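Structure file data19.txt (compact mmCIF, C-alpha atoms) is printed below.
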```txt
# COMPACT_ATOMS: atom_id res chain seq x y z
CA MET A 1 59.48 4.72 -13.15
CA THR A 2 62.35 4.99 -15.58
CA THR A 3 65.95 5.62 -14.63
CA ALA A 4 68.05 8.44 -16.00
CA ALA A 5 69.88 5.99 -18.25
CA GLN A 6 66.61 4.61 -19.59
CA ASP A 7 65.32 8.12 -20.20
CA ALA A 8 68.47 9.02 -22.07
CA GLU A 9 68.18 5.93 -24.23
CA LEU A 10 64.56 6.66 -24.99
CA LEU A 11 65.38 10.19 -26.08
CA VAL A 12 68.18 8.98 -28.32
CA ARG A 13 65.65 6.73 -30.00
CA VAL A 14 63.13 9.57 -30.26
CA VAL A 15 65.68 11.80 -31.97
CA ALA A 16 66.41 8.92 -34.33
CA GLY A 17 62.72 8.86 -35.26
CA ASP A 18 61.48 6.05 -33.04
CA HIS A 19 57.86 6.95 -32.37
CA ASP A 20 57.32 3.97 -30.10
CA ALA A 21 59.95 5.40 -27.77
CA TYR A 22 58.06 8.66 -27.64
CA ASN A 23 54.79 6.87 -26.97
CA GLN A 24 56.53 5.23 -24.02
CA ILE A 25 57.66 8.60 -22.71
CA MET A 26 54.12 9.92 -23.08
CA ARG A 27 52.63 6.98 -21.23
CA THR A 28 55.01 7.64 -18.33
CA HIS A 29 54.39 11.35 -18.02
CA GLU A 30 51.07 12.29 -19.61
CA ASP A 31 48.95 11.94 -16.47
CA ARG A 32 51.18 14.16 -14.35
CA VAL A 33 51.54 16.68 -17.13
CA PHE A 34 47.76 16.81 -17.50
CA SER A 35 47.35 17.15 -13.75
CA VAL A 36 49.78 20.07 -13.58
CA CYS A 37 48.18 21.74 -16.58
CA LEU A 38 44.67 21.32 -15.18
CA ARG A 39 45.65 22.75 -11.82
CA ILE A 40 47.36 25.73 -13.39
CA MET A 41 44.90 26.37 -16.21
CA GLY A 42 41.79 25.65 -14.13
CA ASN A 43 39.89 24.41 -17.17
CA ARG A 44 39.81 20.91 -18.59
CA GLU A 45 39.69 21.85 -22.27
CA LEU A 46 42.52 24.31 -21.90
CA ALA A 47 44.49 21.73 -19.92
CA LEU A 48 44.07 19.16 -22.69
CA ASP A 49 45.24 21.68 -25.28
CA ALA A 50 48.18 22.60 -23.10
CA THR A 51 49.06 18.94 -22.58
CA GLN A 52 49.16 18.36 -26.31
CA GLU A 53 51.31 21.44 -26.76
CA VAL A 54 53.69 20.19 -24.07
CA PHE A 55 54.32 16.91 -25.83
CA LEU A 56 54.60 18.59 -29.22
CA THR A 57 57.26 20.86 -27.82
CA ALA A 58 59.05 18.06 -26.03
CA PHE A 59 59.18 16.00 -29.21
CA ARG A 60 60.55 18.90 -31.25
CA LYS A 61 63.12 19.76 -28.60
CA ALA A 62 64.14 16.21 -27.77
CA ALA A 63 67.57 16.75 -29.28
CA GLN A 64 68.13 19.70 -26.96
CA PHE A 65 67.72 17.73 -23.74
CA LYS A 66 71.11 17.70 -22.09
CA GLY A 67 70.41 15.33 -19.21
CA ASP A 68 71.34 17.83 -16.50
CA SER A 69 67.95 17.17 -14.93
CA ALA A 70 65.63 14.20 -14.93
CA LEU A 71 63.54 13.84 -18.08
CA GLY A 72 60.36 14.26 -16.04
CA THR A 73 61.64 17.51 -14.57
CA TRP A 74 62.46 18.77 -18.07
CA ILE A 75 59.00 17.86 -19.33
CA TYR A 76 57.31 19.53 -16.37
CA ARG A 77 59.32 22.66 -17.03
CA ILE A 78 57.92 22.67 -20.56
CA ALA A 79 54.48 22.11 -19.05
CA VAL A 80 54.69 25.08 -16.69
CA ASN A 81 56.07 27.38 -19.38
CA THR A 82 53.39 26.22 -21.80
CA CYS A 83 50.70 26.95 -19.22
CA TYR A 84 52.16 30.39 -18.55
CA ASP A 85 52.09 31.11 -22.28
CA GLN A 86 48.52 29.89 -22.56
CA LEU A 87 47.45 31.95 -19.57
CA ARG A 88 49.01 35.04 -21.08
CA LYS A 89 47.09 34.35 -24.24
CA GLN A 90 43.92 33.87 -22.32
CA LYS A 91 44.59 37.20 -20.56
CA ARG A 92 42.54 36.44 -17.61
CA ARG A 93 43.31 35.79 -13.95
CA ARG A 94 40.28 33.75 -12.94
CA SER A 95 39.09 30.40 -14.20
CA GLU A 96 35.86 30.22 -16.14
CA PRO A 97 32.72 29.50 -14.18
CA TRP A 98 32.52 25.88 -13.26
CA PRO A 99 30.70 24.05 -16.08
CA GLN A 100 27.03 23.51 -15.28
CA HIS A 101 27.28 19.77 -15.65
CA LEU A 102 29.94 19.76 -12.94
CA ASP A 103 28.11 22.09 -10.57
CA PRO A 104 28.48 20.47 -7.14
CA SER A 105 25.04 21.74 -6.14
CA ASP A 106 23.55 19.64 -8.95
CA HIS A 107 23.35 16.17 -7.46
CA SER A 108 22.87 14.56 -10.86
CA ALA A 109 26.26 15.88 -11.81
CA GLN A 110 27.96 14.48 -8.72
CA ASP A 111 29.07 11.37 -10.58
CA ALA A 112 30.92 13.55 -13.06
CA VAL A 113 32.56 15.45 -10.24
CA ASP A 114 33.55 12.22 -8.51
CA ALA A 115 34.86 10.82 -11.77
CA ALA A 116 36.92 13.91 -12.33
CA ALA A 117 38.03 13.67 -8.68
CA VAL A 118 38.61 17.42 -8.56
CA ARG A 119 37.31 19.40 -5.66
CA PRO A 120 35.81 22.49 -7.25
CA GLU A 121 36.46 24.76 -4.30
CA ILE A 122 40.16 23.89 -4.38
CA GLN A 123 40.36 24.49 -8.12
CA GLN A 124 38.53 27.77 -7.83
CA ALA A 125 40.80 28.87 -5.00
CA LEU A 126 43.88 27.98 -7.03
CA ALA A 127 42.58 30.00 -9.94
CA ALA A 128 42.26 33.02 -7.67
CA ILE A 129 45.97 33.25 -6.81
CA PRO A 130 48.75 34.51 -9.12
CA PRO A 131 50.13 31.95 -11.60
CA ASP A 132 53.65 32.01 -10.13
CA PHE A 133 52.40 31.05 -6.68
CA ARG A 134 49.89 28.64 -8.15
CA ALA A 135 52.54 26.74 -10.08
CA ALA A 136 54.80 26.54 -7.03
CA ILE A 137 52.19 25.03 -4.73
CA VAL A 138 50.79 22.75 -7.44
CA LEU A 139 54.21 21.23 -8.02
CA SER A 140 55.17 21.13 -4.35
CA ASP A 141 51.97 20.32 -2.48
CA ILE A 142 49.85 18.48 -5.05
CA GLU A 143 52.44 16.78 -7.22
CA GLY A 144 54.75 16.21 -4.25
CA MET A 145 57.91 17.36 -5.96
CA ALA A 146 60.99 18.18 -3.91
CA LEU A 147 61.70 21.90 -3.65
CA ALA A 148 64.98 21.47 -5.51
CA ASP A 149 63.14 19.92 -8.45
CA VAL A 150 60.46 22.59 -8.31
CA ALA A 151 63.26 25.16 -8.53
CA VAL A 152 64.57 23.52 -11.70
CA VAL A 153 61.11 23.36 -13.23
CA LEU A 154 60.37 26.98 -12.46
CA GLY A 155 63.87 28.14 -13.30
CA VAL A 156 64.31 30.02 -10.01
CA PRO A 157 66.44 29.53 -6.88
CA VAL A 158 65.23 27.21 -4.13
CA GLY A 159 64.81 30.20 -1.82
CA THR A 160 62.40 31.77 -4.29
CA VAL A 161 60.44 28.52 -4.44
CA LYS A 162 60.16 28.45 -0.66
CA SER A 163 58.92 32.00 -0.66
CA ARG A 164 56.37 31.39 -3.42
CA VAL A 165 55.11 28.25 -1.72
CA PHE A 166 54.73 29.99 1.63
CA ARG A 167 53.00 33.03 0.16
CA GLY A 168 50.90 30.96 -2.20
CA ARG A 169 49.60 28.83 0.67
CA ARG A 170 48.82 31.95 2.66
CA LEU A 171 46.83 33.40 -0.24
CA LEU A 172 45.09 30.10 -0.83
CA ALA A 173 44.11 29.87 2.83
CA ALA A 174 42.66 33.35 2.66
CA VAL A 175 40.58 32.46 -0.42
CA LEU A 176 39.41 29.20 1.11
CA GLY A 177 38.56 31.02 4.31
CA ASN A 178 36.44 33.50 2.37
CA GLN A 179 34.70 30.66 0.53
CA ASN A 180 33.70 29.07 3.82
CA GLN A 181 32.12 32.25 5.13
CA MET B 1 58.89 37.50 10.26
CA ARG B 2 62.37 36.32 9.47
CA ASN B 3 63.06 33.73 6.80
CA ASN B 4 64.19 31.11 9.28
CA GLU B 5 60.95 31.56 11.22
CA LEU B 6 58.91 31.15 8.04
CA GLU B 7 60.81 27.99 7.21
CA LEU B 8 60.27 26.63 10.67
CA ILE B 9 56.54 27.32 10.52
CA ALA B 10 56.29 25.76 7.03
CA ALA B 11 58.22 22.70 8.15
CA LEU B 12 55.93 22.28 11.17
CA ALA B 13 52.82 22.57 9.02
CA GLU B 14 54.26 20.04 6.55
CA GLY B 15 55.03 17.58 9.34
CA ARG B 16 58.71 17.43 8.47
CA LEU B 17 60.19 18.21 11.87
CA GLU B 18 61.54 15.44 14.07
CA ASP B 19 61.65 17.81 17.00
CA GLU B 20 58.78 20.29 17.01
CA THR B 21 59.63 21.96 20.30
CA LEU B 22 61.18 25.09 18.88
CA ALA B 23 58.49 25.51 16.25
CA ARG B 24 55.68 25.02 18.75
CA ALA B 25 57.22 27.58 21.05
CA LEU B 26 57.42 30.06 18.16
CA ILE B 27 53.77 29.82 17.20
CA GLU B 28 52.62 29.93 20.77
CA ALA B 29 54.67 33.02 21.50
CA SER B 30 53.01 35.24 18.90
CA GLU B 31 49.57 35.62 17.34
CA GLU B 32 51.19 36.48 14.01
CA HIS B 33 53.21 33.28 13.99
CA ARG B 34 50.20 31.22 15.04
CA ALA B 35 48.05 32.72 12.26
CA ALA B 36 50.82 32.04 9.74
CA TYR B 37 51.03 28.41 10.88
CA GLU B 38 47.25 27.93 10.68
CA ALA B 39 47.15 29.36 7.17
CA GLN B 40 49.94 27.02 6.06
CA LYS B 41 48.21 24.03 7.65
CA LEU B 42 44.84 24.87 6.11
CA ALA B 43 46.32 25.21 2.64
CA ILE B 44 48.46 22.08 2.91
CA ASP B 45 45.56 19.95 4.13
CA ALA B 46 43.31 21.29 1.36
CA LEU B 47 45.89 20.71 -1.36
CA ARG B 48 46.75 17.22 -0.22
CA GLY B 49 43.05 16.39 -0.39
CA ALA B 50 42.63 17.97 -3.81
CA GLY B 51 42.07 14.65 -5.48
CA THR B 52 43.63 12.93 -8.44
CA VAL B 53 42.92 14.15 -11.94
CA LEU B 54 43.26 11.84 -14.90
CA MET B 55 42.34 11.95 -18.53
CA ASP B 56 39.62 9.54 -19.54
CA ASP B 57 40.16 6.99 -22.35
CA THR B 58 38.70 9.24 -25.03
CA GLU B 59 40.74 12.25 -23.99
CA ARG B 60 43.88 10.12 -23.90
CA ALA B 61 43.18 8.70 -27.35
CA MET B 62 42.44 12.13 -28.79
CA LEU B 63 45.62 13.51 -27.27
CA ARG B 64 47.68 10.84 -29.04
CA ARG B 65 45.75 11.23 -32.28
CA ASP B 66 46.00 15.01 -32.39
CA LEU B 67 49.63 15.00 -31.34
CA TRP B 68 50.78 12.61 -34.04
CA THR B 69 48.57 14.30 -36.63
CA ALA B 70 50.22 17.61 -35.84
CA LEU B 71 53.69 16.06 -35.89
CA LYS B 72 53.08 14.34 -39.20
CA ALA B 73 51.70 17.53 -40.68
CA GLY B 74 54.82 19.33 -39.59
CA GLN B 75 57.04 16.63 -41.06
CA ARG B 76 55.15 16.70 -44.36
CA ALA B 77 55.47 20.48 -44.56
CA GLN B 78 59.21 20.19 -44.07
CA GLY B 79 59.46 17.37 -46.59
CA THR B 80 57.53 19.13 -49.32
CA ALA B 81 59.11 22.54 -48.94
CA SER B 82 60.25 23.67 -52.38
CA PRO B 83 63.38 25.64 -53.06
CA TRP B 84 62.63 29.34 -53.28
CA TYR B 85 63.43 29.54 -56.99
CA TYR B 86 60.72 27.00 -57.90
CA ARG B 87 58.00 29.61 -57.64
CA TRP B 88 59.76 31.81 -60.18
CA THR B 89 59.95 29.02 -62.78
CA PRO B 90 56.66 29.98 -64.53
CA VAL B 91 57.77 33.59 -64.78
CA ALA B 92 61.13 32.57 -66.16
CA ALA B 93 59.43 30.34 -68.73
CA GLY B 94 57.14 33.18 -69.76
CA LEU B 95 60.02 35.57 -70.12
CA LEU B 96 61.90 33.14 -72.31
CA VAL B 97 58.90 32.88 -74.59
CA VAL B 98 58.65 36.66 -74.77
CA VAL B 99 62.33 37.02 -75.53
CA GLY B 100 62.07 34.37 -78.19
CA LEU B 101 59.10 36.06 -79.78
CA ILE B 102 60.82 39.40 -79.80
CA ALA B 103 63.67 37.78 -81.62
CA VAL B 104 61.24 36.34 -84.15
CA ILE B 105 59.47 39.66 -84.60
CA ASN B 106 62.73 41.47 -85.10
CA ARG B 107 63.59 39.04 -87.84
CA GLY B 108 60.45 40.21 -89.69
CA GLY B 109 57.90 37.46 -89.17
CA GLU B 110 54.23 38.03 -90.20
CA ASP B 111 52.80 40.89 -88.11
CA GLY B 112 49.55 39.16 -87.34
CA ALA B 113 51.04 35.86 -86.18
CA ALA B 114 53.77 37.54 -84.16
CA ARG B 115 51.33 39.89 -82.48
CA GLY B 116 49.09 36.99 -81.49
CA LEU B 117 51.99 35.01 -80.09
CA PHE B 118 53.29 38.05 -78.25
CA GLU B 119 49.93 38.64 -76.59
CA ALA B 120 49.73 34.98 -75.61
CA ALA B 121 53.20 35.10 -74.09
CA ALA B 122 52.40 38.33 -72.22
CA GLU B 123 49.28 36.71 -70.81
CA THR B 124 51.28 33.68 -69.71
CA THR B 125 53.79 35.88 -67.91
CA THR B 126 51.05 37.93 -66.27
CA THR B 127 49.24 34.79 -65.17
CA ALA B 128 52.42 33.28 -63.71
CA ALA B 129 53.18 36.51 -61.84
CA GLY B 130 49.59 36.60 -60.62
CA ASP B 131 49.89 33.02 -59.32
CA ILE B 132 53.00 33.96 -57.42
CA ALA B 133 51.27 37.01 -55.94
CA MET B 134 48.38 34.81 -54.80
CA ASP B 135 50.85 32.27 -53.36
CA GLY B 136 52.53 35.06 -51.44
CA ALA B 137 49.22 36.28 -50.05
CA SER B 138 48.25 32.81 -48.90
CA GLY B 139 51.58 31.94 -47.35
CA GLY B 140 53.57 30.36 -50.08
CA GLU B 141 54.03 26.59 -50.12
CA ALA B 142 51.04 24.33 -50.20
CA GLY B 143 49.84 23.63 -46.68
CA PRO B 144 50.34 20.18 -45.21
CA GLU B 145 47.53 17.68 -45.41
CA THR B 146 45.40 17.69 -42.34
CA ALA B 147 44.11 14.30 -41.33
CA GLY B 148 40.62 14.16 -39.99
CA ASP B 149 39.09 16.83 -42.17
CA GLN B 150 35.71 15.39 -42.98
CA ASP B 151 35.28 17.65 -45.99
CA GLU B 152 38.23 16.00 -47.64
CA ALA B 153 37.38 12.37 -47.04
CA SER B 154 38.91 11.19 -50.27
CA SER B 155 41.10 8.23 -50.97
CA GLY B 156 44.78 8.86 -51.00
CA GLY B 157 45.77 6.94 -54.10
CA ASP B 158 45.82 8.63 -57.48
CA SER B 159 43.72 5.93 -59.07
CA ALA B 160 41.18 5.41 -56.26
CA ALA B 161 37.92 7.34 -56.36
CA PRO B 162 36.82 9.42 -53.34
CA TYR B 163 34.94 7.54 -50.67
CA ASP B 164 31.37 8.50 -49.84
CA LEU B 165 31.55 10.66 -46.73
CA ALA B 166 28.10 9.76 -45.47
CA TYR B 167 29.01 6.11 -45.80
CA LEU B 168 32.21 6.59 -43.81
CA ILE B 169 30.42 8.43 -41.01
CA ASP B 170 27.68 5.83 -40.92
CA THR B 171 30.12 2.93 -40.97
CA ALA B 172 32.21 4.44 -38.18
CA GLN B 173 29.09 4.60 -36.05
CA ARG B 174 28.22 1.00 -36.88
CA LEU B 175 31.65 -0.07 -35.74
CA ARG B 176 31.25 1.83 -32.50
CA ASP B 177 27.89 0.09 -32.05
CA GLY B 178 29.60 -3.26 -32.60
CA ASP B 179 27.59 -3.90 -35.77
CA PHE B 180 30.52 -5.36 -37.63
CA ALA B 181 28.40 -7.46 -39.96
CA THR B 182 26.49 -4.55 -41.45
CA ALA B 183 29.69 -2.54 -41.64
CA ARG B 184 31.17 -5.46 -43.61
CA LEU B 185 34.19 -5.56 -41.34
CA GLU B 186 36.24 -8.65 -41.90
CA SER B 187 39.25 -10.16 -40.32
CA PHE B 188 42.30 -10.75 -42.43
CA ASP B 189 44.93 -13.31 -42.91
CA GLU B 190 47.23 -13.44 -39.88
CA SER B 191 50.22 -13.59 -42.16
CA SER B 192 49.39 -10.10 -43.39
CA GLN B 193 48.60 -8.67 -39.96
CA ALA B 194 51.95 -6.94 -39.64
CA ASP B 195 51.63 -5.39 -43.09
CA VAL B 196 48.14 -4.11 -42.37
CA GLN B 197 49.22 -2.61 -39.04
CA SER B 198 52.24 -1.10 -40.72
CA CYS B 199 49.92 0.53 -43.24
CA VAL B 200 47.92 2.08 -40.41
CA ASP B 201 51.12 3.21 -38.70
CA ASP B 202 52.11 5.05 -41.88
CA ALA B 203 48.88 7.02 -41.73
CA LEU B 204 48.42 7.46 -38.00
CA GLU B 205 50.37 6.96 -34.83
CA GLY B 206 48.97 5.06 -31.93
CA TYR B 207 46.15 3.29 -33.75
CA GLN B 208 45.48 -0.43 -33.90
CA VAL B 209 43.71 -2.36 -36.65
CA LEU B 210 40.11 -3.34 -36.05
CA GLY B 211 39.59 -5.07 -39.37
CA VAL B 212 39.32 -4.55 -43.11
CA ILE B 213 36.32 -3.49 -45.14
CA ASP B 214 36.76 -5.06 -48.55
CA GLU B 215 33.96 -3.30 -50.38
CA PRO B 216 33.58 0.29 -49.24
CA ALA B 217 31.15 2.59 -51.02
CA LEU B 218 32.61 5.16 -53.37
CA ALA B 219 31.39 8.74 -53.67
CA GLY B 220 28.00 8.85 -55.31
CA GLY B 221 27.73 5.09 -55.38
CA ASP B 222 24.96 2.99 -54.02
CA THR B 223 26.19 1.20 -50.94
CA ASP B 224 24.43 -1.92 -52.13
CA THR B 225 26.11 -2.02 -55.52
CA VAL B 226 29.76 -1.32 -54.92
CA PRO B 227 32.13 -1.35 -57.87
CA GLU B 228 34.59 -4.22 -57.83
CA ASP B 229 37.60 -1.96 -57.98
CA ALA B 230 36.78 -0.05 -54.79
CA ALA B 231 39.95 -0.05 -52.70
CA PRO B 232 39.55 -1.81 -49.35
CA LEU B 233 39.64 0.23 -46.16
CA ILE B 234 41.35 -0.59 -42.91
CA ALA B 235 39.31 0.33 -39.86
CA ALA B 236 41.37 1.33 -36.84
CA VAL B 237 40.90 2.71 -33.34
CA PRO B 238 43.38 4.19 -30.85
CA GLN B 239 45.49 1.60 -29.07
CA GLY B 240 43.95 0.51 -25.85
CA ALA B 241 40.69 2.36 -26.47
CA LYS B 242 37.27 0.80 -26.46
CA PRO B 243 35.68 0.81 -29.94
CA SER B 244 32.38 1.88 -28.43
CA THR B 245 33.76 5.25 -27.44
CA ALA B 246 36.87 5.62 -29.59
CA PRO B 247 37.37 7.83 -32.64
CA VAL B 248 37.40 5.52 -35.66
CA ALA B 249 39.86 5.95 -38.51
CA PHE B 250 39.75 4.54 -42.03
CA VAL B 251 42.98 4.03 -43.96
CA ALA B 252 43.06 3.08 -47.62
CA LEU B 253 44.76 -0.30 -47.92
CA SER B 254 46.14 0.50 -51.36
CA SER B 255 47.92 3.73 -50.47
CA CYS B 256 48.11 3.67 -46.64
CA GLU B 257 46.64 7.17 -46.66
CA LEU B 258 44.16 8.32 -44.06
CA VAL B 259 40.77 8.83 -45.67
CA TYR B 260 38.62 9.48 -42.62
CA LEU B 261 39.03 10.23 -38.94
CA ASP B 262 36.26 10.80 -36.44
CA GLU B 263 36.28 14.19 -34.81
```
Do you think you could lay out the structure here as C-alpha cells?
Amino acid sequence: MTTAAQDAELLVRVVAGDHDAYNQIMRTHEDRVFSVCLRIMGNRELALDATQEVFLTAFRKAAQFKGDSALGTWIYRIAVNTCYDQLRKQKRRRSEPWPQHLDPSDHSAQDAVDAAAVRPEIQQALAAIPPDFRAAIVLSDIEGMALADVAVVLGVPVGTVKSRVFRGRRLLAAVLGNQNQ
Amino acid sequence: MRNNELELIAALAEGRLEDETLARALIEASEEHRAAYEAQKLAIDALRGAGTVLMDDTERAMLRRDLWTALKAGQRAQGTASPWYYRWTPVAAGLLVVVGLIAVINRGGEDGAARGLFEAAAETTTTAAGDIAMDGASGGEAGPETAGDQDEASSGGDSAAPYDLAYLIDTAQRLRDGDFATARLESFDESSQADVQSCVDDALEGYQVLGVIDEPALAGGDTDTVPEDAAPLIAAVPQGAKPSTAPVAFVALSSCELVYLDE
C-alpha cells in the first residue's frame, strides 16, 4: 500500500514520462479496478475493456490530479464514471446471460466458476438493480470502502451514499429472495 | 422510517454497534423495521460472500499490452501532426506553375507547347485538390501505426524487407510450445542485454526479452534458405507472463520497430 507522498511522487514521474512509475501504479490498483468494473458491468469482457479505458484515462489526466483525495480514490472515481459511460453506451439494464461455459448447472464448468470466484447469483442480482445503487454497494460492501471515500468516488454527499447503500441492499435482497423461490 | 432509524438498522446489520440494545428494541417493536433489518442483513451477507475476482495472467498481460499500444499510438499521432498549411502545399505549388505558365503564354510562347504545359499544370492542381478532398473525407492526417495488426507484419526499417507473416505466426507458436531450437531462438551476449531490452521497450511497454532470432524468414522466402541480410528479430513476452500462454511479440533489432504481435 502506497502512502499519499509516494503516490504523489509516482504521479510526478508519470507526468514526466516515466512509464515504469505508471506500471507501478497499475500493479497497485488494477485488481481492484477490475473487480469494481466487473461488479458494475456484470460481464468480464466489458469489464476488461472498461479497465483498460480507466487506466488510459488516468494516464492522460495524471497532470490533473490535485491530491485532494487518495490516488486510489481518484482512480476508482474514474472507474465508476467509465463504467457508467459504458453502461449508457450498452443501453441495457440487465447483464447478458451467463456464458454457457460458466453455467453453474454444468458441472464441467464448475472449475471455471471456482477460478473466477464469482457467485453467479450475486452477479445476476447486482445486474438487476440500478447502476447508482449497484456502484454504491459494490464500493461499500464488496470493496470495503469507507462511506466518506465512496462519497468522493461517486461525487455525492455521504448522506446520499448512505441512502443508496440502504436502498440498494433492499433491492438486492428482494432480487435474491425472488431467485431463491 | 426516519433517517436515524435507517442508520441504526444498517449499523446493526453491519455489526458496527457496540451497544445493540436500542437497535434491537427498534426492530422488535415493528414488523416494518424487522423486515428492513432482515433485508439489510441478507444483502450484506451475500455481498461479503461474493468472492474475489481477479484477472488471469493472460488478461493482465493483454491489458498492459493494449494500454501501452493505445498510448503509444496516441503519442505518435500527436508527434506526427502536421501544421494545417502543409496539406495546401501541393495546391500552392500547382497554382504557382499555372501562374508561371500564364506569364509565359502572355509573352507569346509557342501555342502548342504552352497549351500542353497549361493542361499539365491544371491536372496537377486538380490532382492536388482531389488529394486534399480525399484526406478530408478520411480524417486528415495519416493515422497512427497500430501495433499488432497481422496484415501489416512488415519490418520497420526502410532497408529491411517485410517478414513472412506465416513464419512469424508459426514461430510464435513454437516459442509458446517451448520449441526454441526449431524457432532458432538464441541467447545473446549479456553485455548487450540492456540494449536489447531497451529496443523492446521502444516498441512495446511491459514486455521482456525472450531471445533473439538471428535468421528470420523474409516475405516470400524459403525458411530453409534465409538471405544473409535478414534483420534479426527480438522475441518478447509480457513481463511476468508464462511463454506458454503469453502473446508473443517480435521486434526488429535493427529498427526497434514492432513487426508482429499475437492477438
Pull out every residue of chain B sitting within 9 Å of chain A, counting all atoms listed in the file, and send them as a PDB file with C-alpha atoms, in the frame of the given file.
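Ended up saving to result.pdb:
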```pdb
ATOM      1  CA  ASN B   3      63.060  33.730   6.800  1.00  0.00           C
ATOM      2  CA  LEU B   6      58.910  31.150   8.040  1.00  0.00           C
ATOM      3  CA  GLU B   7      60.810  27.990   7.210  1.00  0.00           C
ATOM      4  CA  ALA B  10      56.290  25.760   7.030  1.00  0.00           C
ATOM      5  CA  ALA B  36      50.820  32.040   9.740  1.00  0.00           C
ATOM      6  CA  GLU B  38      47.250  27.930  10.680  1.00  0.00           C
ATOM      7  CA  ALA B  39      47.150  29.360   7.170  1.00  0.00           C
ATOM      8  CA  GLN B  40      49.940  27.020   6.060  1.00  0.00           C
ATOM      9  CA  LYS B  41      48.210  24.030   7.650  1.00  0.00           C
ATOM     10  CA  LEU B  42      44.840  24.870   6.110  1.00  0.00           C
ATOM     11  CA  ALA B  43      46.320  25.210   2.640  1.00  0.00           C
ATOM     12  CA  ILE B  44      48.460  22.080   2.910  1.00  0.00           C
ATOM     13  CA  ALA B  46      43.310  21.290   1.360  1.00  0.00           C
ATOM     14  CA  LEU B  47      45.890  20.710  -1.360  1.00  0.00           C
ATOM     15  CA  ARG B  48      46.750  17.220  -0.220  1.00  0.00           C
ATOM     16  CA  GLY B  49      43.050  16.390  -0.390  1.00  0.00           C
ATOM     17  CA  ALA B  50      42.630  17.970  -3.810  1.00  0.00           C
ATOM     18  CA  GLY B  51      42.070  14.650  -5.480  1.00  0.00           C
ATOM     19  CA  THR B  52      43.630  12.930  -8.440  1.00  0.00           C
ATOM     20  CA  VAL B  53      42.920  14.150 -11.940  1.00  0.00           C
ATOM     21  CA  LEU B  54      43.260  11.840 -14.900  1.00  0.00           C
ATOM     22  CA  MET B  55      42.340  11.950 -18.530  1.00  0.00           C
ATOM     23  CA  ASP B  56      39.620   9.540 -19.540  1.00  0.00           C
ATOM     24  CA  GLU B  59      40.740  12.250 -23.990  1.00  0.00           C
ATOM     25  CA  ARG B  60      43.880  10.120 -23.900  1.00  0.00           C
ATOM     26  CA  LEU B  63      45.620  13.510 -27.270  1.00  0.00           C
ATOM     27  CA  ARG B  64      47.680  10.840 -29.040  1.00  0.00           C
ATOM     28  CA  ASP B  66      46.000  15.010 -32.390  1.00  0.00           C
ATOM     29  CA  LEU B  67      49.630  15.000 -31.340  1.00  0.00           C
ATOM     30  CA  TRP B  68      50.780  12.610 -34.040  1.00  0.00           C
ATOM     31  CA  ALA B  70      50.220  17.610 -35.840  1.00  0.00           C
ATOM     32  CA  LEU B  71      53.690  16.060 -35.890  1.00  0.00           C
ATOM     33  CA  GLU B 205      50.370   6.960 -34.830  1.00  0.00           C
ATOM     34  CA  GLY B 206      48.970   5.060 -31.930  1.00  0.00           C
TER      35      GLY B 206
END
```
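CA of Gln208 (chain B) to CA of Thr57 (chain A) spans 25.1 Å [interatomic distance, one decimal].
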Students should find that CA of Cys37 (chain A) and CA of Met62 (chain B) are spaced 16.6 Å
Counting all atoms listed in the file, I want the residues whose atoms come within 12 Å of (62.0, 17.4, -19.9) in the file frame, returned as a ChimeraX atom specification. /A:4,7-8,11,25-26,29,33,54-81,149,152-153
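Pairwise distance (CA of Leu139 (chain A), CA of Leu22 (chain B)) equals 28.1 Å.
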Region 132-138 of chain A, all listed atoms, 4 Å padding on each side: what axis-aligned box centre and edge lengths in Å to one decimal come out, as lines of an AutoDock Vina configuration file?
```
center_x = 52.3
center_y = 27.4
center_z = -7.4
size_x = 12.9
size_y = 17.3
size_z = 13.4
```
Which residues, written as a PyMOL selection string, have at least one atom at most 12 Å from Leu204 (chain B), with only C-alpha atoms counted and residues fewer than 3 positions away on the same chain left out? (chain A and resi 19) or (chain B and resi 61-62+64-73+146-148+197-201+207-209+234-239+248-252+256-261)
Selected residue of minimal separation from Pro247 (chain B) among B:Asp57, B:Asp164, B:Glu186, B:Asp202, counting only C-alpha atoms: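 Ranked by minimum distance to Pro247 (chain B), first place goes to B:Asp57.
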